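Data block below; observations after.
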Amino acid sequence: MSKPETDTSTTSNRAPVTTRWAIPGVAVLAGLAYLVVGLVGDNYPLAFGGLGLMLSIAVGFVVLARYSETFAGLRDRRDERINALDAGATLFAGMVLLVAVLVMFLVEIAQGRDGMPYSALGALSGVSYVVALVWLRFRR
Amino acid sequence: MKNVVKQLRGARGLSQADLGSELGVSRQTINSIETGKYLPSLPLAIALARFFGETVEEVFDVEA
């Protein structure tokens, strides 16, 4: 066997700070959004409960990333397999959401209503799919 | 697709975590590659082959 080469890493040793803190940061921002809209709408349980929940998710994610390779991979975004798992899980969640929207649209129509907002959400997802397809078609 | 990553890694006395660290992936990913559950991307397959001083074809058996 020949001597292993020195530079075989597919990525740098540490992910950028912006990448590492993206998910916790989004969770904190979502919590702050809950706080603001809750206070504006006089819905204090949502304001403080939502903020507490999202802060807990942010902290929990950071802590779990110290002990779990999967969470660490989701945080660093450096492991291609975990990125593929994340993409697959996101696709599955999106499909579940789309089916739920379509079912609710049918239920609304069957009950004699206009199907809103499910019809608009279904249309939005359809348009999003076409736009993404065209975008990816020219990028790959 | 079969591969000889486990044998090459074992011959060098490396753990899955060691190899993963060298290549910038997790121990789980190395394990999944060795067991054939995960087929690595072309860049990672090349990095694996280069690490062991082999060609991609010598590490990954496209016929299997």
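If you're wondering about the labels, chains in the structure tokens are A, B, ... by order shown, residues count from 1 in each chain, ligands from 1 in order shown.
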Residue neighbourhood stretch 21-27 of chain A, 6 Å, only C-alpha atoms, exclusion window fewer than 3 positions, as a list of chain:residue names: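 Near stretch 21-27 of chain A, the qualifying residues are A:Thr18, A:Ala30, A:Met54, A:Ala58.
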Expected file contents, prior selection, N, CA and C atoms, as an mmCIF file, in the first residue's frame:
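The new file selection-v5.cif reads:
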data_model
loop_
_atom_site.group_PDB
_atom_site.id
_atom_site.type_symbol
_atom_site.label_atom_id
_atom_site.label_comp_id
_atom_site.auth_asym_id
_atom_site.auth_seq_id
_atom_site.Cartn_x
_atom_site.Cartn_y
_atom_site.Cartn_z
ATOM 1 N N THR A 18 -21.406 31.348 10.846
ATOM 2 C CA THR A 18 -22.775 31.601 10.386
ATOM 3 C C THR A 18 -23.531 30.298 10.153
ATOM 4 N N ALA A 30 -37.429 33.207 15.605
ATOM 5 C CA ALA A 30 -38.839 32.784 15.627
ATOM 6 C C ALA A 30 -39.450 33.049 17.002
ATOM 7 N N MET A 54 -39.125 28.309 21.782
ATOM 8 C CA MET A 54 -38.119 28.427 20.734
ATOM 9 C C MET A 54 -36.710 28.597 21.304
ATOM 10 N N ALA A 58 -33.568 26.120 20.642
ATOM 11 C CA ALA A 58 -32.234 26.597 20.243
ATOM 12 C C ALA A 58 -31.157 26.048 21.176
#
Residue set, chain B restricted to alpha helix (DSSP H), as a PyMOL selection string: chain B and resi 5-11+16-23+27-34+42-52+56-59
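The list of chain B residues within 8 Å of chain A is Glu22, Leu23, Gly24, Val25, Ser26, Arg27, Gln28, Thr29, Tyr38, Pro40, Ser41, Pro43, Leu44, Ala47, Leu48, Arg50, Phe51, Phe52, Gly53 and Glu54 of chain B; this uses only C-alpha atoms.
Of all the residues in stretch 1-63 of chain B, the ones DSSP labels as strand (DSSP E) from the backbone are B:Lys2, B:Asn3, B:Phe60, B:Asp61.
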If you keep C-alpha atoms, can you produce a file of those selected residues as a short mmCIF file (atom, residue, chain, number, x, y, z; two decimals), in the first residue's frame?
data_model
loop_
_atom_site.label_atom_id
_atom_site.label_comp_id
_atom_site.auth_asym_id
_atom_site.auth_seq_id
_atom_site.Cartn_x
_atom_site.Cartn_y
_atom_site.Cartn_z
CA LYS B 2 -19.33 -3.33 -2.36
CA ASN B 3 -16.17 -1.64 -1.14
CA PHE B 60 -15.37 0.60 -4.80
CA ASP B 61 -16.42 -2.43 -6.84
#
Contacts of A:Leu102 at 8 Å (only C-alpha atoms; same-chain gap of 2+ positions) as a PyMOL selection string: chain A and resi 98-100+104-106+118-119+122
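Atom CA of A:Leu46 is found 28.6 Å from atom CA of A:Asp86.
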